[in-house]
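A.B. asks: Pasting my_file.cif below, which is mmCIF, C-alpha atoms.
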data_structure
loop_
_atom_site.label_atom_id
_atom_site.label_comp_id
_atom_site.auth_asym_id
_atom_site.auth_seq_id
_atom_site.Cartn_x
_atom_site.Cartn_y
_atom_site.Cartn_z
CA ILE T 816 -13.74 15.07 -17.16
CA LEU T 817 -13.90 12.28 -14.63
CA ASN T 818 -10.34 12.52 -13.39
CA VAL T 819 -8.43 15.26 -11.67
CA GLU T 820 -5.76 16.58 -13.99
CA GLN T 821 -2.80 18.65 -12.89
CA SER T 822 -0.40 20.59 -15.03
CA PRO T 823 2.43 20.90 -15.48
CA GLN T 824 3.72 17.52 -14.38
CA SER T 825 6.96 19.10 -13.21
CA LEU T 826 8.42 22.56 -13.04
CA HIS T 827 11.92 23.91 -12.49
CA VAL T 828 12.18 27.58 -11.52
CA GLN T 829 14.84 29.89 -10.17
CA GLU T 830 14.71 31.25 -6.67
CA GLY T 831 12.62 34.42 -6.67
CA ASP T 832 10.47 33.41 -9.64
CA SER T 833 6.72 33.34 -9.26
CA THR T 834 4.89 30.31 -10.58
CA ASN T 835 1.47 28.76 -10.84
CA PHE T 836 -0.07 25.33 -11.36
CA THR T 837 -3.44 24.21 -12.64
CA CYS T 838 -5.87 21.62 -11.34
CA SER T 839 -8.88 20.56 -13.44
CA PHE T 840 -11.61 18.54 -11.77
CA PRO T 841 -15.07 17.12 -12.47
CA SER T 842 -17.72 19.77 -11.89
CA SER T 843 -20.35 17.15 -11.02
CA ASN T 844 -20.69 15.86 -7.45
CA PHE T 845 -18.35 18.61 -6.27
CA TYR T 846 -18.04 19.22 -2.56
CA ALA T 847 -14.60 20.76 -2.00
CA LEU T 848 -11.21 21.24 -3.63
CA HIS T 849 -8.07 20.50 -1.62
CA TRP T 850 -4.44 21.44 -2.19
CA TYR T 851 -1.64 19.55 -0.44
CA ARG T 852 2.10 20.04 -0.31
CA TRP T 853 4.11 16.80 -0.16
CA GLU T 854 7.81 16.68 0.55
CA THR T 855 9.66 13.41 0.13
CA ALA T 856 9.51 11.15 3.20
CA LYS T 857 7.09 13.51 4.94
CA SER T 858 3.33 13.60 5.35
CA PRO T 859 1.29 15.47 2.75
CA GLU T 860 0.48 18.83 4.34
CA ALA T 861 -2.90 20.43 3.78
CA LEU T 862 -2.55 23.89 2.24
CA PHE T 863 -6.07 24.95 1.34
CA VAL T 864 -9.60 23.69 1.12
CA MET T 865 -12.08 25.63 -0.97
CA THR T 866 -15.75 25.03 -1.47
CA LEU T 867 -17.39 28.02 -3.13
CA ASN T 868 -17.05 29.30 -6.66
CA GLY T 869 -14.75 32.30 -6.59
CA ASP T 870 -13.04 31.28 -3.36
CA GLU T 871 -9.55 32.63 -2.91
CA LYS T 872 -7.24 31.50 -0.14
CA LYS T 873 -3.81 32.76 0.85
CA LYS T 874 -1.08 31.52 3.18
CA GLY T 875 2.06 33.61 3.10
CA ARG T 876 3.46 33.56 -0.44
CA ILE T 877 1.06 30.83 -1.59
CA SER T 878 -2.47 31.47 -2.78
CA ALA T 879 -5.19 29.54 -4.57
CA THR T 880 -8.36 30.27 -6.51
CA LEU T 881 -11.37 28.15 -7.37
CA ASN T 882 -13.77 28.12 -10.31
CA THR T 883 -16.40 25.44 -9.77
CA LYS T 884 -18.42 26.32 -12.86
CA GLU T 885 -15.60 25.49 -15.23
CA GLY T 886 -13.91 22.99 -12.92
CA TYR T 887 -10.45 24.40 -12.29
CA SER T 888 -8.25 25.73 -9.53
CA TYR T 889 -4.96 27.60 -9.66
CA LEU T 890 -2.19 27.54 -7.09
CA TYR T 891 0.23 30.48 -7.11
CA ILE T 892 3.60 30.78 -5.42
CA LYS T 893 5.09 34.26 -5.30
CA GLY T 894 8.86 34.62 -5.04
CA SER T 895 9.65 30.88 -4.96
CA GLN T 896 12.21 29.70 -2.40
CA PRO T 897 14.20 26.43 -2.37
CA GLU T 898 12.11 25.26 0.60
CA ASP T 899 9.03 25.42 -1.66
CA SER T 900 10.41 22.44 -3.57
CA ALA T 901 7.84 19.67 -3.19
CA THR T 902 5.05 17.90 -5.01
CA TYR T 903 1.78 19.83 -4.95
CA LEU T 904 -1.33 17.66 -5.02
CA CYS T 905 -4.88 18.71 -5.63
CA ALA T 906 -7.88 16.58 -4.78
CA SER T 907 -11.54 16.96 -5.58
CA GLU T 908 -13.81 15.87 -2.76
CA GLY T 909 -17.27 14.60 -3.61
CA GLN T 910 -20.12 13.85 -1.30
CA GLY T 911 -19.57 10.88 0.97
CA PHE T 912 -15.91 11.72 1.58
CA SER T 913 -14.82 10.54 -1.86
CA PHE T 914 -11.47 12.04 -2.82
CA ILE T 915 -10.04 12.00 -6.33
CA PHE T 916 -6.41 13.05 -6.43
CA GLY T 917 -4.39 14.37 -9.32
CA LYS T 918 -0.92 13.06 -10.06
CA GLY T 919 0.67 16.18 -8.66
CA THR T 920 3.00 18.89 -9.90
CA ARG T 921 6.61 18.43 -8.87
CA LEU T 922 8.26 21.80 -8.21
CA LEU T 923 12.01 22.26 -7.96
CA VAL T 924 13.28 25.70 -7.00
CA LYS T 925 16.94 26.24 -7.79
CA PRO T 926 18.98 28.58 -5.58
CA SER Z 454 -4.91 18.35 13.70
CA ALA Z 455 -3.71 14.78 14.17
CA VAL Z 456 -0.18 13.41 14.29
CA ILE Z 457 0.15 10.13 12.44
CA SER Z 458 3.07 7.73 12.40
CA GLN Z 459 3.62 4.75 10.15
CA LYS Z 460 5.91 1.75 10.39
CA PRO Z 461 7.97 0.79 8.52
CA SER Z 462 8.94 3.93 6.64
CA ARG Z 463 10.31 1.82 3.80
CA ASP Z 464 10.96 -1.80 2.98
CA ILE Z 465 12.25 -3.99 0.18
CA CYS Z 466 10.44 -7.31 -0.05
CA GLN Z 467 10.60 -10.39 -2.21
CA ARG Z 468 7.68 -11.35 -4.40
CA GLY Z 469 5.29 -13.81 -2.83
CA THR Z 470 5.81 -12.51 0.69
CA SER Z 471 3.53 -10.27 2.78
CA LEU Z 472 4.16 -7.01 4.60
CA THR Z 473 2.11 -5.45 7.37
CA ILE Z 474 2.12 -1.68 7.69
CA GLN Z 475 1.14 -0.04 10.96
CA CYS Z 476 -0.57 3.32 11.40
CA GLN Z 477 -0.73 5.01 14.80
CA VAL Z 478 -2.65 8.24 15.54
CA ASP Z 479 -2.09 10.45 18.56
CA SER Z 480 -5.82 10.86 19.22
CA GLN Z 481 -9.00 8.89 18.78
CA VAL Z 482 -10.46 9.26 15.31
CA THR Z 483 -13.54 7.80 13.73
CA MET Z 484 -12.49 7.75 10.12
CA MET Z 485 -9.24 6.15 9.00
CA PHE Z 486 -8.24 5.36 5.45
CA TRP Z 487 -5.54 3.58 3.47
CA TYR Z 488 -4.19 4.91 0.18
CA ARG Z 489 -1.49 3.88 -2.24
CA GLN Z 490 0.44 5.78 -4.87
CA GLN Z 491 2.00 3.67 -7.58
CA PRO Z 492 4.92 5.25 -9.47
CA GLY Z 493 3.69 8.05 -11.71
CA GLN Z 494 0.10 7.61 -10.61
CA SER Z 495 -2.38 9.41 -8.36
CA LEU Z 496 -3.04 8.69 -4.74
CA THR Z 497 -5.78 6.06 -4.79
CA LEU Z 498 -8.01 5.04 -1.91
CA ILE Z 499 -7.72 1.35 -1.05
CA ALA Z 500 -10.23 1.13 1.78
CA THR Z 501 -11.84 2.72 4.81
CA ALA Z 502 -10.73 1.05 8.03
CA ASN Z 503 -13.76 0.61 10.29
CA GLN Z 504 -13.34 0.07 14.01
CA GLY Z 505 -15.05 -3.09 15.12
CA SER Z 506 -16.12 -4.23 11.67
CA GLU Z 507 -14.73 -5.23 8.30
CA ALA Z 508 -13.04 -2.58 6.19
CA THR Z 509 -14.88 -1.06 3.25
CA TYR Z 510 -12.90 -1.62 0.04
CA GLU Z 511 -12.91 0.50 -3.09
CA SER Z 512 -13.46 -0.97 -6.51
CA GLY Z 513 -10.43 -2.94 -7.60
CA PHE Z 514 -9.22 -3.76 -4.10
CA VAL Z 515 -10.10 -6.95 -2.20
CA ILE Z 516 -9.73 -8.13 1.35
CA ASP Z 517 -7.68 -11.19 0.46
CA LYS Z 518 -4.99 -9.00 -1.06
CA PHE Z 519 -5.17 -6.08 1.39
CA PRO Z 520 -6.47 -7.30 4.76
CA ILE Z 521 -6.99 -4.44 7.20
CA SER Z 522 -7.35 -4.43 10.95
CA ARG Z 523 -8.72 -1.63 13.12
CA PRO Z 524 -8.71 -2.84 16.72
CA ASN Z 525 -9.32 0.60 18.25
CA LEU Z 526 -9.75 4.28 17.38
CA THR Z 527 -6.03 5.10 17.26
CA PHE Z 528 -4.48 2.18 15.37
CA SER Z 529 -4.81 0.29 12.10
CA THR Z 530 -2.78 -2.12 10.01
CA LEU Z 531 -2.73 -2.81 6.28
CA THR Z 532 -1.22 -6.03 4.99
CA VAL Z 533 -0.06 -6.33 1.40
CA SER Z 534 -0.30 -10.05 0.71
CA ASN Z 535 1.45 -12.28 -1.81
CA MET Z 536 3.33 -9.31 -3.19
CA SER Z 537 4.33 -8.78 -6.79
CA PRO Z 538 6.43 -5.98 -8.32
CA GLU Z 539 3.16 -4.19 -9.21
CA ASP Z 540 2.60 -3.65 -5.49
CA SER Z 541 5.65 -1.38 -5.34
CA SER Z 542 4.10 1.86 -4.14
CA ILE Z 543 3.91 4.40 -1.37
CA TYR Z 544 1.21 3.39 1.10
CA LEU Z 545 -0.32 6.12 3.27
CA CYS Z 546 -2.84 6.09 6.04
CA SER Z 547 -5.02 9.11 6.69
CA VAL Z 548 -7.61 10.22 9.20
CA SER Z 549 -10.47 12.67 9.26
CA GLN Z 550 -12.05 14.22 12.29
CA ALA Z 551 -14.27 16.83 10.67
CA ALA Z 552 -15.68 17.90 7.36
CA TYR Z 553 -13.22 19.07 4.71
CA GLU Z 554 -10.17 17.80 6.54
CA GLN Z 555 -7.85 14.85 6.05
CA TYR Z 556 -4.46 14.30 7.67
CA PHE Z 557 -1.91 11.90 6.30
CA GLY Z 558 0.87 9.78 7.70
CA PRO Z 559 4.38 10.02 6.23
CA GLY Z 560 3.89 6.92 4.12
CA THR Z 561 5.55 3.56 3.70
CA ARG Z 562 7.67 3.19 0.59
CA LEU Z 563 7.51 -0.43 -0.57
CA THR Z 564 9.68 -1.99 -3.23
CA VAL Z 565 8.95 -5.56 -4.32
CA THR Z 566 11.72 -7.42 -6.13
#
Would it be possible to restate this file's structure as structure tokens?
C.D. replies:
Amino acid sequence: ILNVEQSPQSLHVQEGDSTNFTCSFPSSNFYALHWYRWETAKSPEALFVMTLNGDEKKKGRISATLNTKEGYSYLYIKGSQPEDSATYLCASEGQGFSFIFGKGTRLLVKP
Amino acid sequence: SAVISQKPSRDICQRGTSLTIQCQVDSQVTMMFWYRQQPGQSLTLIATANQGSEATYESGFVIDKFPISRPNLTFSTLTVSNMSPEDSSIYLCSVSQAAYEQYFGPGTRLTVT
């Protein structure tokens, strides 16, 4: 694949549910995989950057994994809260600071 | 990290007019970039804003349509010229100070009628 694909496009969950999203990216010219959290009218916030196959990162209730051989990354949110509602972007970084972004997964957590 | 502000935060413009978006960073940065996100699409890099020289444009973007200024290491402007409804997008500036990092501004939401 040449593009970064994210699924699902949108997701509605209940407060307390755990959820996960997928990011598929080109395995060629891979340098790093980035996850961002983007709330409306705010700056996209960097969540994780991963570079090595098998990398796992965690920040509070949010974690991410990376598989560079097959070209995918998962983002997990445990016990979703309404404040987790946002669009989650992933981006594949190639050499020369070339970023390819996915279209994002829009998460809505209902109280 | 870097704190980035953009002006305006949103605007509604008539077709055929131009809008200049400002990006201000709270520290000196070497690398500054301009992106846009059209409705339902991915964030796409428009150009790298180079201090003291012409911006470097990505394929599909040209200087006549998106002139960029970078007078110093903390400030840049992007102009969207001769606008059409297809230019309705969120425009973001970003900066990078080290490998693997990129910080974004809050974006400018542009609607062209």
A.B. asks: Mind listing whatever residues come within 7 Å of the point (0.5, 15.1, -1.0)? Use all atoms listed in the file, file coordinates, and give them as an mmCIF file with C-alpha atoms, in the frame of the given file.
C.D. replies:
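Saved file part.cif follows:
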data_model
loop_
_atom_site.group_PDB
_atom_site.id
_atom_site.type_symbol
_atom_site.label_atom_id
_atom_site.label_comp_id
_atom_site.auth_asym_id
_atom_site.auth_seq_id
_atom_site.Cartn_x
_atom_site.Cartn_y
_atom_site.Cartn_z
ATOM 1 C CA TYR T 851 -1.640 19.550 -0.440
ATOM 2 C CA ARG T 852 2.100 20.040 -0.310
ATOM 3 C CA TRP T 853 4.110 16.800 -0.160
ATOM 4 C CA PRO T 859 1.290 15.470 2.750
ATOM 5 C CA GLU T 860 0.480 18.830 4.340
ATOM 6 C CA THR T 902 5.050 17.900 -5.010
ATOM 7 C CA TYR T 903 1.780 19.830 -4.950
ATOM 8 C CA LEU T 904 -1.330 17.660 -5.020
#
A.B. asks: Which residue is closest to chain T? Choose from Z:Ser534, Z:Gln467, Z:Thr564, Z:Gln459 and count only C-alpha atoms.
C.D. replies: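 Answer, going by the shortest atom-to-atom distance: Z:Gln459.
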A.B. asks: Got a sec to check which residues sit within 12 Å of (-8.2, -5.0, 16.7), counting all atoms listed in the file, and write them as a ChimeraX atom specification?
C.D. replies: /Z:502-508,521-531
A.B. asks: Go through T:Thr920, T:Asn882, T:Ser907, T:Ser858 and flag the residue nearest Val456 (chain Z), using all atoms listed in the file for the distances.
C.D. replies: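 For Val456 (chain Z), the nearest of the given residues is T:Ser858.
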A.B. asks: Can you list every residue of chain T that has an atom at most 12 Å from chain Z, with its nearest atom pair and the distance in Å to one decimal, using all atoms listed in the file, ordered by chain then number, as JSON lines?
C.D. replies:
{"residue": "T:Asn818", "atom": "CA", "partner": "Z:Ser495", "partner_atom": "CA", "distance": 9.9}
{"residue": "T:Val819", "atom": "CA", "partner": "Z:Ser495", "partner_atom": "CA", "distance": 9.0}
{"residue": "T:Glu820", "atom": "CA", "partner": "Z:Ser495", "partner_atom": "CA", "distance": 9.7}
{"residue": "T:Gln821", "atom": "CA", "partner": "Z:Ser495", "partner_atom": "CA", "distance": 10.3}
{"residue": "T:Gln824", "atom": "CA", "partner": "Z:Gly493", "partner_atom": "CA", "distance": 9.8}
{"residue": "T:Ser825", "atom": "CA", "partner": "Z:Gly493", "partner_atom": "CA", "distance": 11.6}
{"residue": "T:Tyr846", "atom": "CA", "partner": "Z:Tyr553", "partner_atom": "CA", "distance": 8.7}
{"residue": "T:Ala847", "atom": "CA", "partner": "Z:Tyr553", "partner_atom": "CA", "distance": 7.1}
{"residue": "T:Leu848", "atom": "CA", "partner": "Z:Tyr553", "partner_atom": "CA", "distance": 8.8}
{"residue": "T:His849", "atom": "CA", "partner": "Z:Tyr553", "partner_atom": "CA", "distance": 8.3}
{"residue": "T:Trp850", "atom": "CA", "partner": "Z:Glu554", "partner_atom": "CA", "distance": 11.1}
{"residue": "T:Tyr851", "atom": "CA", "partner": "Z:Tyr556", "partner_atom": "CA", "distance": 10.1}
{"residue": "T:Arg852", "atom": "CA", "partner": "Z:Phe557", "partner_atom": "CA", "distance": 11.2}
{"residue": "T:Trp853", "atom": "CA", "partner": "Z:Pro559", "partner_atom": "CA", "distance": 9.3}
{"residue": "T:Glu854", "atom": "CA", "partner": "Z:Pro559", "partner_atom": "CA", "distance": 9.4}
{"residue": "T:Thr855", "atom": "CA", "partner": "Z:Pro559", "partner_atom": "CA", "distance": 8.8}
{"residue": "T:Ala856", "atom": "CA", "partner": "Z:Pro559", "partner_atom": "CA", "distance": 6.1}
{"residue": "T:Lys857", "atom": "CA", "partner": "Z:Pro559", "partner_atom": "CA", "distance": 4.6}
{"residue": "T:Ser858", "atom": "CA", "partner": "Z:Pro559", "partner_atom": "CA", "distance": 3.8}
{"residue": "T:Pro859", "atom": "CA", "partner": "Z:Phe557", "partner_atom": "CA", "distance": 6.0}
{"residue": "T:Glu860", "atom": "CA", "partner": "Z:Tyr556", "partner_atom": "CA", "distance": 7.5}
{"residue": "T:Ala861", "atom": "CA", "partner": "Z:Tyr556", "partner_atom": "CA", "distance": 7.4}
{"residue": "T:Leu862", "atom": "CA", "partner": "Z:Glu554", "partner_atom": "CA", "distance": 10.7}
{"residue": "T:Phe863", "atom": "CA", "partner": "Z:Glu554", "partner_atom": "CA", "distance": 9.7}
{"residue": "T:Val864", "atom": "CA", "partner": "Z:Tyr553", "partner_atom": "CA", "distance": 6.9}
{"residue": "T:Met865", "atom": "CA", "partner": "Z:Tyr553", "partner_atom": "CA", "distance": 8.8}
{"residue": "T:Thr866", "atom": "CA", "partner": "Z:Tyr553", "partner_atom": "CA", "distance": 9.0}
{"residue": "T:Thr902", "atom": "CA", "partner": "Z:Ser495", "partner_atom": "CA", "distance": 11.8}
{"residue": "T:Tyr903", "atom": "CA", "partner": "Z:Ser495", "partner_atom": "CA", "distance": 11.7}
{"residue": "T:Leu904", "atom": "CA", "partner": "Z:Ser495", "partner_atom": "CA", "distance": 9.0}
{"residue": "T:Cys905", "atom": "CA", "partner": "Z:Ser495", "partner_atom": "CA", "distance": 10.0}
{"residue": "T:Ala906", "atom": "CA", "partner": "Z:Leu496", "partner_atom": "CA", "distance": 9.3}
{"residue": "T:Ser907", "atom": "CA", "partner": "Z:Tyr553", "partner_atom": "CA", "distance": 10.6}
{"residue": "T:Glu908", "atom": "CA", "partner": "Z:Tyr553", "partner_atom": "CA", "distance": 8.1}
{"residue": "T:Gly909", "atom": "CA", "partner": "Z:Tyr553", "partner_atom": "CA", "distance": 10.3}
{"residue": "T:Gln910", "atom": "CA", "partner": "Z:Tyr553", "partner_atom": "CA", "distance": 10.5}
{"residue": "T:Gly911", "atom": "CA", "partner": "Z:Ala552", "partner_atom": "CA", "distance": 10.3}
{"residue": "T:Phe912", "atom": "CA", "partner": "Z:Tyr553", "partner_atom": "CA", "distance": 8.4}
{"residue": "T:Ser913", "atom": "CA", "partner": "Z:Leu498", "partner_atom": "CA", "distance": 8.8}
{"residue": "T:Phe914", "atom": "CA", "partner": "Z:Leu498", "partner_atom": "CA", "distance": 7.9}
{"residue": "T:Ile915", "atom": "CA", "partner": "Z:Thr497", "partner_atom": "CA", "distance": 7.5}
{"residue": "T:Phe916", "atom": "CA", "partner": "Z:Ser495", "partner_atom": "CA", "distance": 5.8}
{"residue": "T:Gly917", "atom": "CA", "partner": "Z:Ser495", "partner_atom": "CA", "distance": 5.4}
{"residue": "T:Lys918", "atom": "CA", "partner": "Z:Ser495", "partner_atom": "CA", "distance": 4.3}
{"residue": "T:Gly919", "atom": "CA", "partner": "Z:Ser495", "partner_atom": "CA", "distance": 7.4}
{"residue": "T:Thr920", "atom": "CA", "partner": "Z:Ser495", "partner_atom": "CA", "distance": 11.0}
{"residue": "T:Arg921", "atom": "CA", "partner": "Z:Gly493", "partner_atom": "CA", "distance": 11.2}
A.B. asks: Evaluate the PyMOL selection byres ((chain Z and resi 550) around 7) against this structure - the residues, as a count of residues only, please.
C.D. replies: 6
